[in-house]
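Q: Supplied in structure tokens, the structure appears directly below.
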Amino acid sequence: MLCHHTIDKRNQGGISMISLVLVDDHSMVRQGLKQLIELEEDIKVIAQAGDGKEGVQKVLENNPDIVLMDINMPHMNGIEAAKVLKQKKVNTKIIMLTLHNEVEYLFKTVELGIHGYVLKDSGSDILIAAIRSVYNGETYIQPNMATQLVHKIQYKQKTDLIETTAGEMEGLTKRELEVLTLIAEGLLNKEIGYELCISEKTVKNHVSNIFRKLNVNDRTQAAVYAIKNNIIQLT
């Protein structure tokens with residue numbers, strides 16, 4: 001049973017306070033963010049963590065309104081940590097603050113149900129706006145990233161129909177199609193696990209099932225078969 005601490009939501013002026021946990025593997029980045037954020041009288045950093053695993057622990061211990069989390073971190077990356085928090089059904093809302101401006105990372109976090117996505121090279125006004133928007137129940141995606149996301153979703157809607165129809169003919173599950181696509185892109189099992197936020201052992205099981213269903217013996221054969229028979233569509 002989780003025990004959540006009660007946090008005073010008001011400061012001395014009676015203003016509703018936004019409680020926040022910072023998760024980033026660089027101490028200087030965390031300290032800089034803390035100083036920047038706490039220039040705002042309605043936001044308070046109540047805890048910090050240096051990796052995703054510690055970040056999950058801090059969120060469970062402090063039950064903040066928001067966790068501001070980097071993606072690339074040791075022990076457990078931000079996407080994996082977000083997935084754990086989602087599985088535990090915490091009330092804390094998640095904002096990713098990252099250097100990654102690739103739409104694939106954004107799309108992956110949106111699929112997980114992340115509440116915000118902000119780039120580290122953004123101005124402080126964007127970060128503060130994201131925190132307040134997410135606190136008020138909105139989803140905040142940095143404007144220049146939002147356009148890319150729309151294009152990605154539109155493309156995925158078109159290709160999903162092709163992939164699902166062709167994949168079902170071979171008896172492949174949606175997850176096996178995802179693994180097969182990454183195999184065709186040349187990724188190793190460990191890299192596939194990172195991309196899909198699953199263990200390397202689980203990836204190996206999916207690969208074995210794919211080989212059996214497609215009646216192939218290795219990764220190259222699987223990739224060639226999938227592309228040749230339009231089971232997957234590579235960009």
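Ordered as shown in the structure tokens, chains take letters A, B, and onward, while each chain numbers its residues from 1 and ligands are numbered from 1 in the order shown.
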Considering only C-alpha atoms, return as a PyMOL selection string whatever protein or nucleic-acid residues lie within 8 Å of Ile95 of chain A, sequence-local ones (same chain, fewer than 2 positions apart) excluded.
A: chain A and resi 66-69+93+97+114-118+131+134
Q: Which parts of segment 12-232 of chain A does DSSP call strand (DSSP E or B) when run on the backbone here, written out as a PyMOL selection string?
A: chain A and resi 16+18-23+43-49+66-69+93-98+116-119+140-141
Q: Hey, which of A:Pro64, A:Gly113, A:Pro74, A:Gly193 ends up closest to His26 of chain A? Count only C-alpha atoms.
A: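 Result for the nearest residue to His26 of chain A: A:Pro74.
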Q: Taking only C-alpha atoms into account, name the residue in A:Ile128, A:Ile94, A:Leu214, A:Val203 that is nearest to Ala81 of chain A.
A: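 Closest candidate: A:Ile94.
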Q: Write out as a PyMOL selection string the residues lying within 12 Å of Thr202 of chain A, counting only C-alpha atoms and excluding same-chain residues fewer than 2 positions away.
A: chain A and resi 175-176+179+189-190+192-194+196-200+204-209
Q: Mind dumping the selected residues with N, CA and C atoms as a short mmCIF file (atom, residue, chain, number, x, y, z; two decimals), in the first residue's frame?
A:
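Written file, result.cif:
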```cif
data_model
loop_
_atom_site.label_atom_id
_atom_site.label_comp_id
_atom_site.auth_asym_id
_atom_site.auth_seq_id
_atom_site.Cartn_x
_atom_site.Cartn_y
_atom_site.Cartn_z
N ARG A 175 2.28 -6.12 -31.71
CA ARG A 175 3.61 -5.99 -31.12
C ARG A 175 4.66 -6.68 -31.99
N GLU A 176 4.32 -7.85 -32.54
CA GLU A 176 5.26 -8.55 -33.42
C GLU A 176 5.54 -7.75 -34.68
N VAL A 179 8.07 -5.14 -33.69
CA VAL A 179 9.39 -5.74 -33.57
C VAL A 179 9.96 -6.04 -34.95
N ASN A 189 18.32 -6.65 -30.60
CA ASN A 189 17.28 -6.91 -29.60
C ASN A 189 17.28 -5.88 -28.46
N LYS A 190 18.48 -5.53 -28.00
CA LYS A 190 18.58 -4.57 -26.91
C LYS A 190 18.03 -3.21 -27.33
N ILE A 192 15.84 -2.69 -29.75
CA ILE A 192 14.39 -2.84 -29.93
C ILE A 192 13.69 -2.73 -28.58
N GLY A 193 14.27 -3.35 -27.58
CA GLY A 193 13.70 -3.27 -26.23
C GLY A 193 13.62 -1.84 -25.74
N TYR A 194 14.67 -1.06 -26.01
CA TYR A 194 14.67 0.34 -25.61
C TYR A 194 13.60 1.13 -26.35
N LEU A 196 10.81 0.07 -27.66
CA LEU A 196 9.44 -0.33 -27.33
C LEU A 196 9.18 -0.39 -25.83
N CYS A 197 10.22 -0.06 -25.04
CA CYS A 197 10.09 -0.07 -23.58
C CYS A 197 9.72 -1.45 -23.05
N ILE A 198 10.35 -2.48 -23.59
CA ILE A 198 10.15 -3.84 -23.11
C ILE A 198 11.53 -4.47 -22.88
N SER A 199 11.57 -5.59 -22.13
CA SER A 199 12.85 -6.22 -21.81
C SER A 199 13.43 -6.94 -23.03
N GLU A 200 14.74 -7.14 -22.99
CA GLU A 200 15.42 -7.84 -24.08
C GLU A 200 14.91 -9.28 -24.19
N LYS A 204 13.31 -11.17 -27.48
CA LYS A 204 13.74 -12.46 -28.00
C LYS A 204 12.56 -13.40 -28.23
N ASN A 205 11.59 -13.37 -27.31
CA ASN A 205 10.40 -14.20 -27.47
C ASN A 205 9.61 -13.79 -28.71
N HIS A 206 9.47 -12.47 -28.89
CA HIS A 206 8.75 -11.97 -30.07
C HIS A 206 9.48 -12.37 -31.36
N VAL A 207 10.80 -12.26 -31.34
CA VAL A 207 11.60 -12.61 -32.53
C VAL A 207 11.42 -14.08 -32.88
N SER A 208 11.43 -14.94 -31.87
CA SER A 208 11.24 -16.38 -32.10
C SER A 208 9.88 -16.65 -32.71
N ASN A 209 8.85 -15.97 -32.19
CA ASN A 209 7.50 -16.15 -32.73
C ASN A 209 7.40 -15.67 -34.17
#
```
Q: Find the residue from A:Leu85, A:Leu127, A:Ile79, A:Ile210 that sits nearest to Ile43 of chain A; use only C-alpha atoms when measuring.
A: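 Comparing A:Leu85, A:Leu127, A:Ile79, A:Ile210 against Ile43 of chain A, the winner is A:Leu127.
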Q: Compile the contact shell of segment 36-40 of chain A as a short mmCIF file (atom, residue, chain, number, x, y, z; two decimals) with C-alpha atoms, in the first residue's frame: residues with an atom at most 12 Å away, counting only C-alpha atoms, same-chain residues fewer than 6 positions apart removed.
A:
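Output below, filename result_31.cif:
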```cif
data_model
loop_
_atom_site.label_atom_id
_atom_site.label_comp_id
_atom_site.auth_asym_id
_atom_site.auth_seq_id
_atom_site.Cartn_x
_atom_site.Cartn_y
_atom_site.Cartn_z
CA ASN A 11 2.03 29.55 0.37
CA ILE A 15 -1.87 31.17 -3.49
CA SER A 16 -2.39 27.59 -4.65
CA MET A 17 1.07 26.00 -4.97
CA ILE A 18 2.13 23.63 -7.75
CA SER A 19 4.37 20.93 -6.25
CA LEU A 20 7.02 19.54 -8.59
CA VAL A 21 9.69 16.82 -8.66
CA LEU A 22 12.75 17.29 -10.92
CA VAL A 29 20.81 21.15 -14.72
CA ARG A 30 18.53 20.31 -11.81
CA ILE A 46 9.77 19.51 -3.43
CA LEU A 68 9.53 17.17 -14.82
CA GLY A 123 12.79 29.76 -23.23
CA SER A 124 11.82 29.80 -19.57
CA ASP A 125 8.42 31.23 -20.51
CA ILE A 126 7.60 28.05 -22.46
CA LEU A 127 8.58 25.80 -19.57
CA ILE A 128 6.53 27.77 -17.05
CA ALA A 129 3.58 27.86 -19.45
CA ALA A 130 3.83 24.09 -19.83
CA ILE A 131 3.86 23.53 -16.07
CA ARG A 132 0.82 25.74 -15.49
#
```
Q: Given the choices A:Thr220, A:Asn215, A:Gln48, A:Gln142, which gets closest to Leu182 of chain A if the distance is worked out from only C-alpha atoms?
A: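 Closest to Leu182 of chain A of all the choices is A:Thr220.
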Q: Measure the distance from atom CA of Leu112 of chain A to atom CA of Val84 of chain A in Å and round it to one decimal.
A: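 According to the coordinates, atom CA of Leu112 of chain A and atom CA of Val84 of chain A are separated by 10.4 Å.
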Q: When you draw a straight line from atom CA of Leu187 of chain A to atom CA of His75 of chain A, how long is it in Å?
A: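 We find that atom CA of Leu187 of chain A and atom CA of His75 of chain A lie 20.9 Å from each other.
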